[in-house]
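Visitor: After the structure tokens below, expect a handful of questions from me.
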Amino acid sequence: MTPSDTVNRNWFDPAPCFINGRWQPSVAGGRLELMNPSDGSVLAEIADGQAADIDLAVNAAKGALRGQWGALTAAERGRLLARLGRLVAEKTKELARLEALDVGKPLKQATADARALARYMEFYGGAADKVHGATIPYLAGYTVYTLREPHGVTGHIIPWNYPMQILGRSAGAALAMGNAIVIKPAAEACLTALAFAAMAHEAGFPAGAINIVPGGGPTAGGALARHGGVHHLSFTGSVGVGASVQAAAANNIVPVTLELGGKSPQLVFADADLDAALPFLVNAGIQNAGQTCSAASRLLVERPVYDQVIERMAARYRELSIGPALDDRDLGPLISAKQLQTVEGFVEQAEKSGKIVAKGQLPAGLPEGGYYCPPVLVGDVAPESALARDEIFGPLQVVMPFDDEAGAIALANDTEYGLVAGVWTANGARQMRLARAIRSGQVFINNYGAGGGVELPFGGFGKSGHGREKGFEALYGFSALKTVAAYHGT
Ligand code: NAD
């Protein structure tokens with residue numbers, strides 16, 4: 001079966017690896033079950049990729065760099081990406097449904113994710129031939145210039161919470177710069193990665209430019225991280241696994257981009273427009289059932305408006321609807337039974353603390369086996385508690401009061417993470433001071449998340465990681481700078 005036969009295939013049939021432009025089962029023939037988080041049933045079987053499959057994929061990528069893919073101009077790569085973006089856009093509905101079923105996320109969120117995937121292809125398609133080198137004034141008789149070259153084979157390890165968006169940002173930038181890529185999607189959710197491969201083939205990407213090996217983390221992911229033929233690694237996931245990927249890359253002296261977790265704050269000052277802030281305060285905590293690296297899970301509120309913010313948020317929390325992904329409520333289920341158990345542990349801690357100010361209700365009639373968790377809002381949390389410090393990755397937000405600007409900054413920075421922050425205040429000078437003072441990869445003023453922001457560089461301080469994805473910045477990360485110094489005399 002060729003990929004073009006399978007663009008519209010039933011992705012719930014056993015989903016194999018995509019290597020060198022072909023679908024193939026894993027070498028060892030093993031399969032993993034993919035669960036449907038909305039009801040706990042088996043959604044599909046996927047290939048259980050292992051080191052041998054990663055090896056084939058890396059070799060296919062090497063071959064592509066030596067062959068047709070490596071010979072393309074930047075403009076030609078850009079055109080392929082733009083074409084792929086159009087194909088993705090045409091299939092928004094199908095991709096959104098697939099992602100919703102696979103991740104358990106509400107259909108409207110999955111639709112936004114599919115649109116973001118198309119937009120990444122469009123953005124990086126347009127950017128591919130706009131990354132220029134520099135000429136450097138030097139000694140008499142020299143002409144010196146720089147070239148931006150692909151690293152070679154890039155490895156991309158993708159998590160399950162936003163498979164399309166995270167694949168899109170990382171693959172888009174890497175392909176624009178001429179790398180050949182090997183993607184290891186998450187074992188919990190990988191169907192849209194396979195659909196992406198089929199569309200890339202239809203768009204005309206040469207064999208080997210894009211390879212996908214589904215499989216387990218320590219097995220397929222570990223093999224990719226350790227592989228000596230990989231020249232750059234991009235990892236999005238947890239801090240612990242990120243550290244192990246960085247250690248593996250260090251053995252091969254390979255650069256790594258790490259996009260890890262967060263405990264992102266939104267700071268609300270008494271002069272803020274609370275009507276404007278409120279939807280952002282709630283949504284940034286419950287979007288994707290809180291399973292978002294940039295979730296605003298810590299809300300810091302100036303004391304004069306603290307009670308008001310809590311009351312208004314609590315009222316909204318009580319209205320939030322919960323249901324299976326395709327019912328498209330405010331929240332879907334969590335990704336897995338394991339994730340549910342972890343989040344329930346934090347909810348228990350919150351219950352013991354006696355500080356829960358609002359808890360959503362699970363409606364009657366939810367599918368029995370689904371991994372549903374009601375949203376929980378916790379007030380007056382102690383800054384040193386696990387609830388205030390740990391990344392929970394579920395629909396639980398904590399709120400803490402502050403008394404002045406210095407206290408707000410101290411609380412905001414009292415974390416080992418530093419991914420995103422939001423600042424709500426009408427005071428322009430304070431906005432500028434806080435944007436500088438908060439240690440965080442992105443700071444949003446009087447908004448949060450800015451609708452995803454394909455164009456906006458994204459990445460962490462501290463344990464949120466290093467390197468930047470998205471925007472033009474990612475193109476520099478996915479390329480190597482070469483300096484050419486030509487002596488020609490005067
Ligand atoms: P995870 O670290 O368990 O898994 C992420 C990916 O790594 C998956 O593909 C997994 O199969 C793979 N993996 C697991 N063990 C591995 C190993 N030993 N070697 C190589 N690869 C391995 O994380 P998760 O549970 O899938 O995702 C949740 C975490 O990801 C959260 O901490 C969240 O904040 C973070 N995250 C960060 C961003 C960001 O952009 N900063 C985005 C999404 C998720």
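We label chains A, B, ... in the order they appear in the structure tokens, count residues from 1 in each chain, and number ligands from 1 in the order shown.
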Could you build a table of the residues in range 367-437 of chain A lying no more than 7 Å from range 272-283 of chain A, giving for each the nearest pair of atoms and their separation in Å rounded to one decimal place, using only C-alpha atoms, ordered by chain and ascending residue number, as a Markdown table?

Guide:
| residue | atom | partner | partner_atom | distance |
| --- | --- | --- | --- | --- |
| A:Trp424 | CA | A:Ala272 | CA | 5.3 |
| A:Thr425 | CA | A:Ala272 | CA | 4.3 |
| A:Ala426 | CA | A:Ala272 | CA | 5.6 |

Visitor: Can I get the residues close to ligand 1 as a short mmCIF file (atom, residue, chain, number, x, y, z; two decimals) with all heavy atoms, in the first residue's frame, where close means within 8 Å and we count only C-alpha atoms and all ligand atoms?

Guide:
data_model
loop_
_atom_site.label_atom_id
_atom_site.label_comp_id
_atom_site.auth_asym_id
_atom_site.auth_seq_id
_atom_site.Cartn_x
_atom_site.Cartn_y
_atom_site.Cartn_z
N ILE A 157 10.72 14.40 19.47
CA ILE A 157 9.96 13.57 20.41
C ILE A 157 8.78 14.40 20.91
O ILE A 157 8.98 15.47 21.50
CB ILE A 157 10.86 13.08 21.56
CG1 ILE A 157 12.05 12.28 20.98
CG2 ILE A 157 10.06 12.21 22.54
CD1 ILE A 157 13.05 11.77 22.02
N ILE A 158 7.58 13.92 20.65
CA ILE A 158 6.35 14.72 20.78
C ILE A 158 5.49 14.15 21.92
O ILE A 158 5.34 12.93 22.00
CB ILE A 158 5.54 14.64 19.45
CG1 ILE A 158 6.44 14.89 18.23
CG2 ILE A 158 4.33 15.56 19.47
CD1 ILE A 158 6.88 16.29 18.01
N PRO A 159 4.88 15.03 22.74
CA PRO A 159 3.99 14.52 23.78
C PRO A 159 2.55 14.35 23.27
O PRO A 159 2.27 14.65 22.11
CB PRO A 159 4.05 15.62 24.83
CG PRO A 159 4.23 16.88 24.04
CD PRO A 159 5.00 16.50 22.80
N TRP A 160 1.67 13.94 24.18
CA TRP A 160 0.30 13.60 23.77
C TRP A 160 -0.69 14.74 23.93
O TRP A 160 -1.82 14.64 23.48
CB TRP A 160 -0.21 12.42 24.62
CG TRP A 160 0.09 12.57 26.10
CD1 TRP A 160 1.13 11.97 26.77
CD2 TRP A 160 -0.57 13.40 27.06
NE1 TRP A 160 1.14 12.38 28.09
CE2 TRP A 160 0.11 13.25 28.30
CE3 TRP A 160 -1.68 14.26 27.01
CZ2 TRP A 160 -0.29 13.92 29.46
CZ3 TRP A 160 -2.07 14.93 28.16
CH2 TRP A 160 -1.37 14.75 29.37
N ASN A 161 -0.30 15.84 24.57
CA ASN A 161 -1.34 16.82 24.92
C ASN A 161 -1.77 17.71 23.75
O ASN A 161 -2.94 18.05 23.63
CB ASN A 161 -0.92 17.65 26.15
CG ASN A 161 0.38 18.36 25.96
OD1 ASN A 161 1.14 18.06 25.04
ND2 ASN A 161 0.67 19.32 26.81
N TYR A 162 -0.81 18.09 22.90
CA TYR A 162 -1.14 18.86 21.68
C TYR A 162 -0.36 18.25 20.51
O TYR A 162 0.54 18.90 19.96
CB TYR A 162 -0.77 20.34 21.84
CG TYR A 162 -1.65 21.08 22.81
CD1 TYR A 162 -1.40 21.07 24.18
CD2 TYR A 162 -2.77 21.79 22.37
CE1 TYR A 162 -2.22 21.74 25.07
CE2 TYR A 162 -3.60 22.46 23.25
CZ TYR A 162 -3.32 22.43 24.60
OH TYR A 162 -4.15 23.09 25.49
N ILE A 166 2.36 20.60 18.37
CA ILE A 166 3.78 20.47 18.73
C ILE A 166 4.56 19.84 17.58
O ILE A 166 5.68 20.25 17.26
CB ILE A 166 3.92 19.72 20.07
CG1 ILE A 166 3.32 20.60 21.16
CG2 ILE A 166 5.37 19.38 20.38
CD1 ILE A 166 3.14 19.96 22.52
N LYS A 184 9.05 10.85 16.73
CA LYS A 184 8.55 9.80 17.63
C LYS A 184 7.37 10.42 18.38
O LYS A 184 7.55 11.16 19.35
CB LYS A 184 9.66 9.39 18.61
CG LYS A 184 9.54 7.99 19.16
CD LYS A 184 8.28 7.69 19.92
CE LYS A 184 8.33 8.24 21.33
NZ LYS A 184 7.03 7.99 22.06
N PRO A 185 6.15 10.14 17.90
CA PRO A 185 4.98 10.70 18.61
C PRO A 185 4.75 9.94 19.91
O PRO A 185 5.36 8.90 20.16
CB PRO A 185 3.83 10.48 17.63
CG PRO A 185 4.26 9.39 16.71
CD PRO A 185 5.77 9.32 16.74
N ALA A 186 3.85 10.48 20.74
CA ALA A 186 3.58 9.83 22.04
C ALA A 186 2.81 8.53 21.84
O ALA A 186 1.98 8.41 20.93
CB ALA A 186 2.77 10.78 22.91
N ALA A 187 3.08 7.57 22.72
CA ALA A 187 2.38 6.28 22.62
C ALA A 187 0.90 6.46 22.97
O ALA A 187 0.07 5.66 22.56
CB ALA A 187 3.02 5.28 23.57
N GLU A 188 0.56 7.52 23.71
CA GLU A 188 -0.84 7.73 24.12
C GLU A 188 -1.68 8.33 23.01
O GLU A 188 -2.91 8.20 23.03
CB GLU A 188 -0.91 8.67 25.33
CG GLU A 188 -0.30 8.15 26.61
CD GLU A 188 1.21 8.41 26.68
OE1 GLU A 188 1.82 8.81 25.67
OE2 GLU A 188 1.78 8.19 27.76
N GLY A 215 5.65 4.52 19.07
CA GLY A 215 6.20 3.53 20.00
C GLY A 215 6.33 4.10 21.40
O GLY A 215 5.99 5.25 21.66
N GLY A 216 6.84 3.28 22.28
CA GLY A 216 6.97 3.65 23.68
C GLY A 216 8.07 4.68 23.89
O GLY A 216 8.95 4.87 23.04
N GLY A 217 8.05 5.32 25.06
CA GLY A 217 9.04 6.35 25.36
C GLY A 217 10.45 5.80 25.51
O GLY A 217 11.33 6.12 24.71
N PRO A 218 10.67 4.94 26.52
CA PRO A 218 12.05 4.46 26.72
C PRO A 218 12.57 3.65 25.53
O PRO A 218 13.78 3.66 25.28
CB PRO A 218 11.93 3.57 27.96
CG PRO A 218 10.67 4.03 28.65
CD PRO A 218 9.76 4.51 27.57
N THR A 219 11.67 3.00 24.79
CA THR A 219 12.11 2.16 23.67
C THR A 219 12.38 3.01 22.42
O THR A 219 13.54 3.33 22.13
CB THR A 219 11.05 1.07 23.38
OG1 THR A 219 9.75 1.70 23.37
CG2 THR A 219 11.07 0.00 24.45
N ALA A 220 11.31 3.40 21.70
CA ALA A 220 11.52 4.18 20.46
C ALA A 220 12.12 5.56 20.78
O ALA A 220 13.07 6.00 20.11
CB ALA A 220 10.19 4.34 19.73
N GLY A 221 11.59 6.24 21.83
CA GLY A 221 12.09 7.58 22.18
C GLY A 221 13.55 7.52 22.62
O GLY A 221 14.38 8.31 22.18
N GLY A 222 13.84 6.55 23.48
CA GLY A 222 15.21 6.41 23.98
C GLY A 222 16.18 6.11 22.84
O GLY A 222 17.28 6.67 22.78
N ALA A 223 15.74 5.25 21.91
CA ALA A 223 16.62 4.90 20.78
C ALA A 223 16.90 6.11 19.90
O ALA A 223 18.02 6.30 19.42
CB ALA A 223 15.97 3.78 19.96
N LEU A 224 15.89 6.95 19.72
CA LEU A 224 16.10 8.16 18.90
C LEU A 224 17.05 9.12 19.61
O LEU A 224 17.95 9.68 18.98
CB LEU A 224 14.73 8.83 18.64
CG LEU A 224 14.74 10.07 17.74
CD1 LEU A 224 15.34 9.76 16.37
CD2 LEU A 224 13.31 10.61 17.56
N ALA A 225 16.85 9.28 20.93
CA ALA A 225 17.70 10.21 21.69
C ALA A 225 19.16 9.75 21.66
O ALA A 225 20.08 10.58 21.62
CB ALA A 225 17.20 10.31 23.13
N PHE A 235 12.84 17.96 21.97
CA PHE A 235 12.03 17.15 22.90
C PHE A 235 11.01 18.04 23.58
O PHE A 235 11.35 19.10 24.11
CB PHE A 235 12.92 16.49 23.96
CG PHE A 235 12.12 15.83 25.05
CD1 PHE A 235 11.62 14.55 24.88
CD2 PHE A 235 11.83 16.50 26.23
CE1 PHE A 235 10.85 13.95 25.88
CE2 PHE A 235 11.06 15.91 27.22
CZ PHE A 235 10.57 14.63 27.05
N THR A 236 9.76 17.62 23.59
CA THR A 236 8.72 18.30 24.36
C THR A 236 8.11 17.27 25.29
O THR A 236 7.62 16.23 24.83
CB THR A 236 7.64 18.90 23.44
OG1 THR A 236 8.28 19.77 22.50
CG2 THR A 236 6.64 19.70 24.24
N GLY A 237 8.14 17.55 26.57
CA GLY A 237 7.60 16.58 27.52
C GLY A 237 7.99 16.95 28.94
O GLY A 237 8.20 18.12 29.26
N SER A 238 8.14 15.93 29.77
CA SER A 238 8.36 16.17 31.20
C SER A 238 9.83 16.48 31.50
O SER A 238 10.73 16.16 30.71
CB SER A 238 7.91 14.93 31.98
OG SER A 238 8.64 13.83 31.54
N VAL A 239 10.05 17.05 32.66
CA VAL A 239 11.41 17.46 33.05
C VAL A 239 12.33 16.24 33.16
O VAL A 239 13.45 16.25 32.65
CB VAL A 239 11.37 18.22 34.40
CG1 VAL A 239 12.78 18.54 34.88
CG2 VAL A 239 10.55 19.50 34.26
N GLY A 240 11.84 15.18 33.81
CA GLY A 240 12.69 14.01 34.02
C GLY A 240 13.14 13.38 32.72
O GLY A 240 14.34 13.09 32.53
N VAL A 241 12.19 13.19 31.81
CA VAL A 241 12.56 12.57 30.52
C VAL A 241 13.43 13.54 29.72
O VAL A 241 14.41 13.13 29.08
CB VAL A 241 11.30 12.13 29.72
CG1 VAL A 241 11.72 11.58 28.37
CG2 VAL A 241 10.49 11.09 30.50
N GLY A 242 13.12 14.85 29.81
CA GLY A 242 13.94 15.84 29.11
C GLY A 242 15.39 15.76 29.54
O GLY A 242 16.31 15.82 28.72
N SER A 244 16.92 13.14 30.67
CA SER A 244 17.54 11.92 30.14
C SER A 244 17.84 12.06 28.64
O SER A 244 18.85 11.57 28.15
CB SER A 244 16.68 10.68 30.42
OG SER A 244 15.59 10.61 29.53
N VAL A 245 16.98 12.79 27.93
CA VAL A 245 17.24 13.02 26.50
C VAL A 245 18.47 13.92 26.34
O VAL A 245 19.33 13.68 25.49
CB VAL A 245 15.98 13.66 25.83
CG1 VAL A 245 16.31 14.20 24.45
CG2 VAL A 245 14.84 12.63 25.76
N LEU A 258 14.76 21.79 24.49
CA LEU A 258 13.88 21.15 25.49
C LEU A 258 12.72 22.07 25.80
O LEU A 258 12.92 23.21 26.23
CB LEU A 258 14.65 20.87 26.79
CG LEU A 258 15.78 19.85 26.76
CD1 LEU A 258 16.37 19.68 28.16
CD2 LEU A 258 15.30 18.49 26.25
N GLU A 259 11.52 21.59 25.53
CA GLU A 259 10.29 22.31 25.90
C GLU A 259 9.64 21.47 26.99
O GLU A 259 9.05 20.43 26.72
CB GLU A 259 9.34 22.41 24.70
CG GLU A 259 9.92 23.15 23.52
CD GLU A 259 9.85 24.66 23.65
OE1 GLU A 259 9.51 25.15 24.76
OE2 GLU A 259 10.14 25.34 22.66
N LEU A 260 9.76 21.95 28.24
CA LEU A 260 9.34 21.09 29.35
C LEU A 260 8.10 21.67 30.04
O LEU A 260 7.26 22.27 29.39
CB LEU A 260 10.51 20.89 30.31
CG LEU A 260 11.80 20.42 29.62
CD1 LEU A 260 12.94 20.33 30.60
CD2 LEU A 260 11.61 19.09 28.91
N GLY A 261 8.00 21.48 31.32
CA GLY A 261 6.75 21.84 31.99
C GLY A 261 6.66 23.28 32.42
O GLY A 261 7.46 24.13 32.01
N GLY A 262 5.67 23.57 33.25
CA GLY A 262 5.49 24.93 33.73
C GLY A 262 4.57 24.99 34.94
O GLY A 262 3.88 24.01 35.27
N GLN A 291 -4.24 20.10 30.86
CA GLN A 291 -3.05 19.36 30.39
C GLN A 291 -2.34 20.19 29.32
O GLN A 291 -2.24 19.80 28.15
CB GLN A 291 -3.48 18.01 29.83
CG GLN A 291 -4.24 17.15 30.83
CD GLN A 291 -4.93 15.98 30.15
OE1 GLN A 291 -4.61 14.84 30.41
NE2 GLN A 291 -5.87 16.23 29.26
N THR A 292 -1.88 21.33 29.75
CA THR A 292 -1.24 22.29 28.84
C THR A 292 0.02 22.77 29.53
O THR A 292 -0.02 23.19 30.69
CB THR A 292 -2.20 23.48 28.57
OG1 THR A 292 -3.42 22.98 28.06
CG2 THR A 292 -1.60 24.47 27.61
N CYS A 293 1.16 22.71 28.80
CA CYS A 293 2.42 23.10 29.44
C CYS A 293 2.36 24.55 29.89
O CYS A 293 2.94 24.91 30.91
CB CYS A 293 3.58 22.89 28.49
SG CYS A 293 3.30 23.68 26.91
N SER A 294 1.64 25.38 29.13
CA SER A 294 1.57 26.81 29.47
C SER A 294 0.29 27.13 30.23
O SER A 294 -0.13 28.29 30.27
CB SER A 294 1.64 27.64 28.19
OG SER A 294 0.65 27.20 27.28
N GLU A 391 3.87 20.96 38.96
CA GLU A 391 3.03 20.99 37.76
C GLU A 391 2.03 19.84 37.88
O GLU A 391 2.42 18.68 37.97
CB GLU A 391 3.88 20.80 36.51
CG GLU A 391 3.04 20.92 35.26
CD GLU A 391 3.80 20.60 33.99
OE1 GLU A 391 4.50 19.57 33.97
OE2 GLU A 391 3.69 21.38 33.04
N PHE A 393 -0.84 19.30 35.84
CA PHE A 393 -1.26 18.81 34.51
C PHE A 393 -2.67 18.23 34.56
O PHE A 393 -2.94 17.14 34.06
CB PHE A 393 -0.26 17.79 33.97
CG PHE A 393 0.19 18.13 32.57
CD1 PHE A 393 0.70 19.39 32.29
CD2 PHE A 393 0.09 17.23 31.52
CE1 PHE A 393 1.12 19.73 31.01
CE2 PHE A 393 0.50 17.55 30.23
CZ PHE A 393 1.03 18.80 29.98
N LEU A 419 7.86 29.40 32.05
CA LEU A 419 7.44 29.23 30.66
C LEU A 419 6.65 30.44 30.16
O LEU A 419 7.01 31.08 29.18
CB LEU A 419 6.63 27.93 30.52
CG LEU A 419 6.42 27.39 29.12
CD1 LEU A 419 7.74 27.16 28.41
CD2 LEU A 419 5.63 26.08 29.15
N PHE A 458 8.83 30.75 21.55
CA PHE A 458 8.27 30.11 22.73
C PHE A 458 9.30 29.17 23.33
O PHE A 458 9.96 28.42 22.62
CB PHE A 458 7.03 29.31 22.29
CG PHE A 458 6.36 28.53 23.39
CD1 PHE A 458 5.57 29.17 24.32
CD2 PHE A 458 6.51 27.15 23.48
CE1 PHE A 458 4.94 28.46 25.33
CE2 PHE A 458 5.89 26.43 24.48
CZ PHE A 458 5.10 27.09 25.41
N GLY A 459 9.44 29.21 24.65
CA GLY A 459 10.38 28.31 25.30
C GLY A 459 10.58 28.76 26.73
O GLY A 459 10.00 29.75 27.16
N GLY A 460 11.41 28.02 27.44
CA GLY A 460 11.43 28.23 28.88
C GLY A 460 12.69 28.85 29.45
O GLY A 460 13.73 28.93 28.81
N SER A 464 11.72 24.86 32.77
CA SER A 464 10.80 24.81 31.63
C SER A 464 11.56 24.51 30.34
O SER A 464 10.94 24.30 29.30
CB SER A 464 10.02 26.12 31.49
OG SER A 464 9.09 26.24 32.56
N GLY A 465 12.88 24.49 30.40
CA GLY A 465 13.65 24.07 29.24
C GLY A 465 14.54 25.15 28.67
O GLY A 465 14.69 26.22 29.25
#

Visitor: Residues of range 259-359 of chain A in strand (DSSP E) according to DSSP, as an NGL selection string?

Guide: :A and (259 or 265-268 or 298-302 or 356-359)

Visitor: Can you tell me which residues surround Pro265 in chain A at a distance of at most 8 Å, considering only C-alpha atoms, apart from same-chain residues fewer than 5 positions away, and format the answer as a ChimeraX atom specification?

Guide: /A:296-300,412,420-422

Visitor: Restricting the output to all heavy atoms, write the selected residues as a PDB file, in the first residue's frame.

Guide:
ATOM      1  N   ALA A 296      -2.150  28.371  32.919  1.00  0.00           N
ATOM      2  CA  ALA A 296      -1.938  29.334  34.009  1.00  0.00           C
ATOM      3  C   ALA A 296      -2.512  28.705  35.263  1.00  0.00           C
ATOM      4  O   ALA A 296      -3.659  28.927  35.634  1.00  0.00           O
ATOM      5  CB  ALA A 296      -2.619  30.651  33.700  1.00  0.00           C
ATOM      6  N   SER A 297      -1.693  27.899  35.907  1.00  0.00           N
ATOM      7  CA  SER A 297      -2.195  27.123  37.042  1.00  0.00           C
ATOM      8  C   SER A 297      -2.021  27.864  38.357  1.00  0.00           C
ATOM      9  O   SER A 297      -2.507  27.424  39.386  1.00  0.00           O
ATOM     10  CB  SER A 297      -1.467  25.771  37.085  1.00  0.00           C
ATOM     11  OG  SER A 297      -0.084  25.963  36.957  1.00  0.00           O
ATOM     12  N   ARG A 298      -1.319  29.021  38.331  1.00  0.00           N
ATOM     13  CA  ARG A 298      -1.143  29.838  39.556  1.00  0.00           C
ATOM     14  C   ARG A 298      -1.700  31.227  39.288  1.00  0.00           C
ATOM     15  O   ARG A 298      -1.210  31.934  38.401  1.00  0.00           O
ATOM     16  CB  ARG A 298       0.347  30.010  39.870  1.00  0.00           C
ATOM     17  CG  ARG A 298       0.995  28.828  40.533  1.00  0.00           C
ATOM     18  CD  ARG A 298       2.376  29.211  41.054  1.00  0.00           C
ATOM     19  NE  ARG A 298       3.244  29.770  40.034  1.00  0.00           N
ATOM     20  CZ  ARG A 298       4.172  30.689  40.287  1.00  0.00           C
ATOM     21  NH1 ARG A 298       4.335  31.169  41.507  1.00  0.00           N
ATOM     22  NH2 ARG A 298       4.942  31.142  39.311  1.00  0.00           N
ATOM     23  N   LEU A 299      -2.701  31.620  40.053  1.00  0.00           N
ATOM     24  CA  LEU A 299      -3.258  32.960  39.889  1.00  0.00           C
ATOM     25  C   LEU A 299      -2.864  33.787  41.098  1.00  0.00           C
ATOM     26  O   LEU A 299      -3.099  33.381  42.244  1.00  0.00           O
ATOM     27  CB  LEU A 299      -4.772  32.890  39.762  1.00  0.00           C
ATOM     28  CG  LEU A 299      -5.254  31.995  38.615  1.00  0.00           C
ATOM     29  CD1 LEU A 299      -6.766  31.962  38.565  1.00  0.00           C
ATOM     30  CD2 LEU A 299      -4.700  32.467  37.275  1.00  0.00           C
ATOM     31  N   LEU A 300      -2.237  34.922  40.860  1.00  0.00           N
ATOM     32  CA  LEU A 300      -1.768  35.800  41.936  1.00  0.00           C
ATOM     33  C   LEU A 300      -2.596  37.079  41.842  1.00  0.00           C
ATOM     34  O   LEU A 300      -2.600  37.737  40.797  1.00  0.00           O
ATOM     35  CB  LEU A 300      -0.275  36.101  41.753  1.00  0.00           C
ATOM     36  CG  LEU A 300       0.600  34.874  41.387  1.00  0.00           C
ATOM     37  CD1 LEU A 300       2.057  35.291  41.230  1.00  0.00           C
ATOM     38  CD2 LEU A 300       0.477  33.780  42.439  1.00  0.00           C
ATOM     39  N   ALA A 412       5.611  35.432  41.724  1.00  0.00           N
ATOM     40  CA  ALA A 412       5.628  34.952  40.331  1.00  0.00           C
ATOM     41  C   ALA A 412       6.915  34.163  40.057  1.00  0.00           C
ATOM     42  O   ALA A 412       6.897  33.130  39.387  1.00  0.00           O
ATOM     43  CB  ALA A 412       5.508  36.121  39.361  1.00  0.00           C
ATOM     44  N   VAL A 420       5.548  30.738  30.832  1.00  0.00           N
ATOM     45  CA  VAL A 420       4.655  31.811  30.387  1.00  0.00           C
ATOM     46  C   VAL A 420       4.157  32.557  31.624  1.00  0.00           C
ATOM     47  O   VAL A 420       4.030  31.963  32.701  1.00  0.00           O
ATOM     48  CB  VAL A 420       3.454  31.221  29.607  1.00  0.00           C
ATOM     49  CG1 VAL A 420       2.449  32.297  29.230  1.00  0.00           C
ATOM     50  CG2 VAL A 420       3.922  30.513  28.336  1.00  0.00           C
ATOM     51  N   ALA A 421       3.868  33.861  31.470  1.00  0.00           N
ATOM     52  CA  ALA A 421       3.230  34.621  32.546  1.00  0.00           C
ATOM     53  C   ALA A 421       2.244  35.597  31.933  1.00  0.00           C
ATOM     54  O   ALA A 421       2.404  36.017  30.783  1.00  0.00           O
ATOM     55  CB  ALA A 421       4.277  35.384  33.360  1.00  0.00           C
ATOM     56  N   GLY A 422       1.208  35.932  32.700  1.00  0.00           N
ATOM     57  CA  GLY A 422       0.240  36.940  32.267  1.00  0.00           C
ATOM     58  C   GLY A 422       0.181  38.040  33.313  1.00  0.00           C
ATOM     59  O   GLY A 422       0.262  37.769  34.510  1.00  0.00           O
TER      60      GLY A 422
END

Visitor: Can you check which residues of range 430-471 of chain A DSSP gives as helix (DSSP H, G or I) on the backbone and send them as number ranges by chain?

Guide: A: 430-437, 450-452, 462-464

Visitor: Per residue of range 395-474 of chain A within 7 Å of range 375-382 of chain A, what are the shortest atom pair and its distance in Å to one decimal, counting only C-alpha atoms, with rows by chain and residue number, as a tab-separated table?

Guide:
residue	atom	partner	partner_atom	distance
A:Pro395	CA	A:Pro375	CA	4.7
A:Leu396	CA	A:Val376	CA	4.7
A:Gln397	CA	A:Leu377	CA	5.1
A:Val398	CA	A:Val378	CA	4.7
A:Val399	CA	A:Gly379	CA	4.8
A:Met400	CA	A:Asp380	CA	5.0
A:Pro401	CA	A:Asp380	CA	6.9

Visitor: If you keep N, CA, C and O atoms, can you produce a file of those selected residues as a tab-separated table (two decimals), in the first residue's frame?

Guide:
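The new file result35.tsv reads:
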chain	number	residue	atom	x	y	z
A	395	PRO	N	-7.06	19.83	35.68
A	395	PRO	CA	-7.86	21.05	35.81
A	395	PRO	C	-7.91	21.55	37.26
A	395	PRO	O	-8.99	21.58	37.86
A	396	LEU	N	-6.78	21.91	37.81
A	396	LEU	CA	-6.71	22.42	39.18
A	396	LEU	C	-5.90	23.71	39.18
A	396	LEU	O	-4.73	23.70	38.81
A	397	GLN	N	-6.55	24.81	39.57
A	397	GLN	CA	-5.86	26.11	39.63
A	397	GLN	C	-5.77	26.56	41.08
A	397	GLN	O	-6.71	26.35	41.85
A	398	VAL	N	-4.65	27.18	41.42
A	398	VAL	CA	-4.52	27.71	42.78
A	398	VAL	C	-4.47	29.24	42.71
A	398	VAL	O	-3.99	29.81	41.73
A	399	VAL	N	-5.01	29.87	43.76
A	399	VAL	CA	-5.03	31.34	43.81
A	399	VAL	C	-4.34	31.79	45.09
A	399	VAL	O	-4.54	31.20	46.15
A	400	MET	N	-3.50	32.82	44.95
A	400	MET	CA	-2.78	33.36	46.12
A	400	MET	C	-2.87	34.88	46.09
A	400	MET	O	-2.79	35.47	45.02
A	401	PRO	N	-3.00	35.51	47.26
A	401	PRO	CA	-3.06	36.98	47.29
A	401	PRO	C	-1.65	37.59	47.35
A	401	PRO	O	-0.72	36.95	47.82

Visitor: Contacts of Thr490 in chain A at 9 Å or less, counting only C-alpha atoms, minus same-chain residues fewer than 5 places along, as a PyMOL selection string?

Guide: chain A and resi 140-142

Visitor: Taking only C-alpha atoms into account, name the residue in A:Ser170, A:Pro333, A:Met177, A:Lys338 that is nearest to Leu72 in chain A.

Guide: A:Met177

Visitor: Using CA of Thr415 in chain A and CA of Tyr306 in chain A as the two end points, give the distance in Å to one decimal.

Guide: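 If I compute the distance from CA of Thr415 in chain A to CA of Tyr306 in chain A, I get 21.3 Å.
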
Visitor: Which one of A:Asp414, A:Glu384, A:Asp102, A:Asp129 sits closest to Met35 in chain A if you count only C-alpha atoms?

Guide: A:Asp102
